[in-house]
file run_28.cif (mmCIF, C-alpha atoms)
data_protein
#
loop_
_atom_site.label_atom_id
_atom_site.label_comp_id
_atom_site.auth_asym_id
_atom_site.auth_seq_id
_atom_site.Cartn_x
_atom_site.Cartn_y
_atom_site.Cartn_z
CA LYS P 20 4.04 14.37 -29.76
CA ALA P 21 4.96 10.89 -30.93
CA LEU P 22 4.36 9.50 -27.43
CA GLY P 23 0.96 11.13 -27.32
CA GLU P 24 -0.01 9.73 -30.70
CA ALA P 25 1.13 6.25 -29.71
CA SER P 26 -0.80 6.30 -26.42
CA ASN P 27 -3.82 8.31 -27.61
CA LEU P 28 -3.28 10.64 -24.64
CA ASP P 29 -2.55 14.36 -24.38
CA ILE P 30 0.86 13.90 -22.79
CA GLY P 31 1.51 17.65 -22.63
CA SER P 32 -1.59 18.33 -20.56
CA ILE P 33 -0.86 15.40 -18.30
CA MET P 34 2.69 16.58 -17.63
CA ASN P 35 1.58 20.18 -17.04
CA SER P 36 -0.84 19.08 -14.32
CA TRP P 37 2.10 17.54 -12.45
CA LEU P 38 4.87 20.02 -13.19
CA GLU P 39 3.02 23.32 -12.76
CA GLN P 40 1.66 22.73 -9.25
CA PRO P 41 3.15 21.34 -6.03
CA GLY P 42 2.29 18.10 -4.30
CA TYR P 43 0.56 14.96 -5.46
CA PRO P 44 -2.87 13.40 -4.95
CA VAL P 45 -4.47 10.77 -2.78
CA LEU P 46 -7.10 8.69 -4.55
CA ASN P 47 -9.97 7.83 -2.21
CA VAL P 48 -11.76 4.73 -3.49
CA ASN P 49 -15.17 4.03 -1.94
CA VAL P 50 -18.45 2.28 -2.56
CA LYS P 51 -21.26 4.84 -2.36
CA ASN P 52 -24.86 3.72 -2.81
CA GLY P 53 -23.57 0.56 -4.43
CA HIS P 54 -21.36 2.41 -6.93
CA LEU P 55 -17.58 2.46 -7.09
CA VAL P 56 -16.49 6.08 -6.71
CA ILE P 57 -12.96 7.45 -6.95
CA GLU P 58 -12.07 10.94 -5.76
CA GLN P 59 -8.79 12.85 -5.82
CA ASN P 60 -7.55 15.27 -3.17
CA GLN P 61 -4.17 16.78 -2.48
CA PHE P 62 -2.19 14.59 -0.10
CA PHE P 63 -0.69 16.18 3.01
CA ILE P 64 1.33 14.98 5.98
CA GLY P 65 0.99 17.60 8.68
CA GLU P 66 -0.73 20.92 8.11
CA GLY P 67 -1.93 21.70 4.62
CA LYS P 68 -4.68 23.60 2.86
CA ASP P 69 -6.65 21.90 0.12
CA VAL P 70 -7.13 24.42 -2.69
CA ASP P 71 -8.92 22.02 -5.04
CA ARG P 72 -5.90 21.19 -7.14
CA LEU P 73 -6.56 18.64 -9.87
CA TRP P 74 -4.14 16.26 -11.50
CA GLN P 75 -4.54 14.16 -14.61
CA VAL P 76 -3.91 10.86 -12.88
CA PRO P 77 -3.05 7.66 -14.77
CA LEU P 78 -5.24 5.14 -12.97
CA HIS P 79 -3.56 1.91 -14.11
CA ALA P 80 -6.63 -0.03 -12.97
CA ASP P 81 -6.84 -3.80 -13.21
CA PHE P 82 -10.31 -3.79 -14.77
CA ALA P 83 -11.32 -2.70 -18.25
CA GLN P 84 -14.19 -0.36 -17.33
CA ALA P 85 -11.91 2.18 -15.65
CA PRO P 86 -10.59 5.02 -17.83
CA LYS P 87 -6.89 5.50 -18.39
CA LEU P 88 -6.96 8.91 -16.69
CA LEU P 89 -8.80 10.57 -13.85
CA THR P 90 -9.12 14.20 -14.95
CA GLN P 91 -11.84 15.39 -12.59
CA LYS P 92 -12.41 15.67 -8.86
CA GLU P 93 -14.71 12.67 -8.57
CA LEU P 94 -15.72 9.88 -10.90
CA ASP P 95 -18.53 7.32 -10.58
CA LEU P 96 -17.35 4.12 -12.25
CA GLY P 97 -20.68 2.30 -12.00
CA ASP P 98 -22.21 -0.54 -10.04
CA TYR P 99 -19.53 -2.06 -7.84
CA GLN P 100 -20.90 -5.60 -7.77
CA GLU P 101 -21.19 -5.68 -11.56
CA LEU P 102 -17.64 -4.36 -11.96
CA ARG P 103 -16.31 -6.90 -9.45
CA LYS P 104 -18.13 -9.78 -11.14
CA ALA P 105 -16.88 -8.79 -14.59
CA ALA P 106 -13.28 -8.45 -13.38
CA ASP P 107 -13.40 -11.67 -11.33
CA LYS P 108 -10.73 -10.21 -9.03
CA PRO P 109 -10.34 -7.38 -6.52
CA LEU P 110 -10.54 -3.94 -8.11
CA ARG P 111 -7.24 -2.11 -7.77
CA PHE P 112 -5.62 1.11 -8.95
CA ASN P 113 -2.03 2.13 -9.66
CA VAL P 114 -1.17 -1.47 -10.47
CA GLY P 115 2.60 -1.74 -10.75
CA ASN P 116 3.06 1.32 -8.52
CA THR P 117 3.94 3.48 -11.51
CA SER P 118 1.95 6.65 -10.68
CA HIS P 119 3.02 9.12 -8.00
CA VAL P 120 -0.19 8.81 -5.99
CA VAL P 121 -1.41 7.34 -2.71
CA VAL P 122 -4.43 5.03 -2.96
CA ASN P 123 -6.84 4.96 -0.03
CA TYR P 124 -9.21 1.99 -0.32
CA ALA P 125 -12.42 1.72 1.68
CA PRO P 126 -12.23 -1.10 4.27
CA GLU P 127 -14.36 -3.54 2.26
CA LEU P 128 -12.23 -3.01 -0.86
CA LEU P 129 -8.99 -3.48 1.05
CA GLU P 130 -10.37 -6.63 2.68
CA ASP P 131 -11.19 -8.05 -0.75
CA ILE P 132 -7.60 -7.42 -1.85
CA LEU P 133 -6.19 -9.13 1.24
CA VAL P 134 -8.48 -12.16 0.92
CA ASN P 135 -6.97 -12.64 -2.53
CA SER P 136 -3.41 -11.69 -1.56
CA GLN P 137 -1.97 -14.88 -3.05
CA ASN P 138 -2.24 -13.14 -6.42
CA LEU P 139 -0.27 -10.06 -5.37
CA THR P 140 3.28 -9.47 -6.58
CA HIS P 141 6.07 -8.18 -4.36
CA ILE P 142 5.54 -4.72 -5.87
CA ASP P 143 1.80 -4.92 -5.14
CA LYS P 144 2.49 -5.74 -1.48
CA LEU P 145 5.11 -3.00 -1.23
CA GLN P 146 2.66 -0.48 -2.66
CA LEU P 147 -0.12 -1.40 -0.24
CA LEU P 148 2.23 -1.16 2.75
CA GLN P 149 3.72 2.14 1.59
CA ASP P 150 0.33 3.71 0.90
CA LEU P 151 -1.15 2.68 4.24
CA ARG P 152 1.93 3.89 6.10
CA LEU P 153 1.60 7.29 4.41
CA LEU P 154 -2.14 7.38 5.11
CA ALA P 155 -1.52 6.59 8.77
CA ASP P 156 1.20 9.25 9.00
CA SER P 157 -1.17 11.79 7.46
CA GLY P 158 -4.07 10.95 9.75
CA LEU P 159 -6.28 9.76 6.89
CA ALA P 160 -6.14 6.23 8.30
CA SER P 161 -5.36 4.60 11.60
CA TYR P 162 -2.32 2.40 12.11
CA SER P 163 -4.83 -0.29 13.10
CA LYS P 164 -5.76 -0.46 9.42
CA VAL P 165 -2.19 -1.51 8.63
CA ILE P 166 -2.10 -4.43 11.10
CA PRO P 167 -3.91 -6.95 8.84
CA LEU P 168 -1.38 -6.26 6.08
CA LEU P 169 1.55 -6.86 8.41
CA LYS P 170 0.08 -10.23 9.37
CA GLU P 171 -0.72 -11.17 5.78
CA PHE P 172 2.67 -10.22 4.32
CA SER P 173 4.96 -11.29 7.18
CA ASN P 174 6.06 -14.50 5.45
CA SER P 175 7.07 -12.79 2.22
CA ASP P 176 10.51 -13.75 0.93
CA SER P 177 10.95 -10.31 -0.63
CA ALA P 178 13.48 -7.95 0.91
CA ILE P 179 11.60 -4.82 -0.20
CA VAL P 180 8.38 -6.08 1.37
CA ASN P 181 10.10 -6.98 4.63
CA GLU P 182 11.99 -3.68 4.79
CA THR P 183 8.76 -1.74 4.45
CA LEU P 184 6.90 -4.02 6.85
CA TYR P 185 9.46 -3.59 9.61
CA SER P 186 9.73 0.15 9.04
CA ILE P 187 6.03 0.25 9.94
CA VAL P 188 6.71 -1.93 12.99
CA ASN P 189 9.38 0.57 14.06
CA ASN P 190 6.78 3.34 13.79
CA LEU P 191 4.45 1.35 16.06
CA LYS P 192 7.12 1.38 18.77
CA PHE P 193 6.60 5.13 19.20
CA PHE P 194 3.06 4.47 20.41
CA VAL P 195 4.01 2.30 23.39
CA THR P 196 5.65 3.17 26.71
CA PRO P 197 8.75 1.15 27.68
CA ASP P 198 8.09 -1.63 30.19
CA SER P 199 4.34 -1.26 29.77
CA THR P 200 1.64 -3.80 28.98
CA ASP P 201 1.31 -2.20 25.55
CA GLU P 202 4.99 -2.82 24.86
CA THR P 203 4.64 -6.44 25.97
CA ASN P 204 1.70 -6.89 23.60
CA LEU P 205 3.60 -5.26 20.75
CA LYS P 206 6.54 -7.60 21.32
CA LYS P 207 4.18 -10.56 21.20
CA PHE P 208 2.76 -9.27 17.94
CA VAL P 209 6.21 -8.74 16.42
CA ASN P 210 7.09 -12.28 17.44
CA THR P 211 4.11 -13.58 15.46
CA LEU P 212 5.41 -11.66 12.45
CA SER P 213 8.99 -12.92 12.63
CA ALA P 214 8.85 -16.38 14.23
CA ASP P 215 8.11 -18.43 11.10
CA GLN P 216 10.73 -16.57 9.08
CA VAL P 217 13.38 -17.07 11.76
CA GLN P 218 12.57 -20.76 11.87
CA ARG P 219 12.78 -20.98 8.08
CA LEU P 220 15.99 -19.00 7.74
CA SER P 221 17.72 -19.90 11.04
CA TRP P 222 20.18 -17.57 12.75
CA LEU P 223 23.20 -18.42 10.62
CA PRO P 224 23.72 -18.23 6.84
CA LYS P 225 23.26 -21.42 4.83
CA ASP P 226 24.68 -22.57 1.52
CA THR P 227 21.13 -22.86 0.21
CA ASP P 228 20.28 -19.21 0.94
CA SER P 229 18.87 -17.21 -1.94
CA ASN P 230 19.82 -13.57 -2.38
CA TYR P 231 16.45 -12.67 -0.86
CA ASP P 232 17.15 -14.90 2.16
CA GLN P 233 20.43 -13.11 2.80
CA LEU P 234 18.65 -9.75 2.77
CA VAL P 235 15.60 -10.81 4.76
CA ARG P 236 17.41 -12.70 7.56
CA PRO P 237 18.85 -9.64 9.39
CA LEU P 238 15.46 -7.92 9.28
CA ASP P 239 13.67 -10.85 10.87
CA LEU P 240 16.46 -11.52 13.37
CA SER P 241 16.33 -7.90 14.48
CA ALA P 242 12.58 -8.23 14.94
CA ALA P 243 13.05 -11.48 16.86
CA LEU P 244 15.52 -9.78 19.22
CA TYR P 245 13.06 -6.97 19.90
CA ALA P 246 10.30 -9.53 20.47
CA GLU P 247 12.56 -11.51 22.80
CA ASN P 248 11.89 -14.60 20.73
CA PRO P 249 13.06 -17.56 22.83
#
call {"tool": "encode", "arguments": {"input": "run_28.cif", "output": "structure tokens"}}
result
Amino acid sequence: KALGEASNLDIGSIMNSWLEQPGYPVLNVNVKNGHLVIEQNQFFIGEGKDVDRLWQVPLHADFAQAPKLLTQKELDLGDYQELRKAADKPLRFNVGNTSHVVVNYAPELLEDILVNSQNLTHIDKLQLLQDLRLLADSGLASYSKVIPLLKEFSNSDSAIVNETLYSIVNNLKFFVTPDSTDETNLKKFVNTLSADQVQRLSWLPKDTDSNYDQLVRPLDLSAALYAENP
């Protein structure tokens, strides 16, 4: 009760929507007829039947016009260009990765986020990679949608970002046949991801290594070995 009074939210109802039904939602964020529209559906990997479950989803948006909670199936947040201009930054949800949801951005919204990726924290990058990996595994997105993120985040000094990035790379290996042209092209791509990091970190530990460097080095060296980095 005290928590609800402090936050001005019905905490009991929020918790019930999560505890009394299985699963969790995917938030599909699109621009429809010039308006920013967010819709929730149950998230599945593999077979599943959508029975119109609804969650009270904390949105944790980075712009003031968004409500704290999504309590309905679909919500029109208004004119996208006006919202974007007022925020003066890409419009994002689940900032801080604190809600148990998957966010599925329309291509133009994701592109806006990547163009401004210099403002993303390690947690932001981790969240984007995790969400797109889950979306690809579920069939809601293609792995090709993840490729720009791998390129953009490949020089991160964060261990959690690199671990997630290379877990996605490992998934890509299942799509190529050994000793094929596709495998050769994948190795070339992995080399572009790891080459700068290997050059920065070198193959052997250094006295100047940060804790992150010590964690990231084996990930990039493993990638370099797969890529047959000369």
call {"tool": "residues_around", "arguments": {"input": "run_28.cif", "residues": "Asp69 in chain P", "least_positions_apart": "5", "cutoff": "12 Å", "atoms": "only C-alpha atoms", "output": "list in words"}}
result
Pro41, Gly42, Tyr43, Pro44, Val45, Gln59, Asn60, Gln61, Phe62 and Phe63 of chain P
call {"tool": "closest_residue", "arguments": {"input": "run_28.cif", "among": "P:Pro126, P:Asp176, P:Val120, P:Asn135", "to": "Asp107 in chain P", "atoms": "all atoms listed in the file"}}
result
P:Asn135
call {"tool": "closest_residue", "arguments": {"input": "run_28.cif", "among": "P:Phe208, P:Ile57, P:Leu191, P:Thr117", "to": "Tyr162 in chain P", "atoms": "all atoms listed in the file"}}
result
P:Leu191
call {"tool": "resolve_selection", "arguments": {"input": "run_28.cif", "expression": "the PyMOL selection byres ((chain P and resi 206) around 10)", "output": "list of chain:residue names"}}
result
P:Lys192, P:Thr200, P:Asp201, P:Glu202, P:Thr203, P:Asn204, P:Leu205, P:Lys207, P:Phe208, P:Val209, P:Asn210, P:Thr211, P:Leu212, P:Ala242, P:Ala243, P:Leu244, P:Tyr245, P:Ala246, P:Glu247, P:Asn248
call {"tool": "resolve_selection", "arguments": {"input": "run_28.cif", "expression": "the PyMOL selection byres ((chain P and resi 50) around 9)", "output": "MDAnalysis selection string"}}
result
chainID P and resid 48:49 51:57 98:99 125 127:128
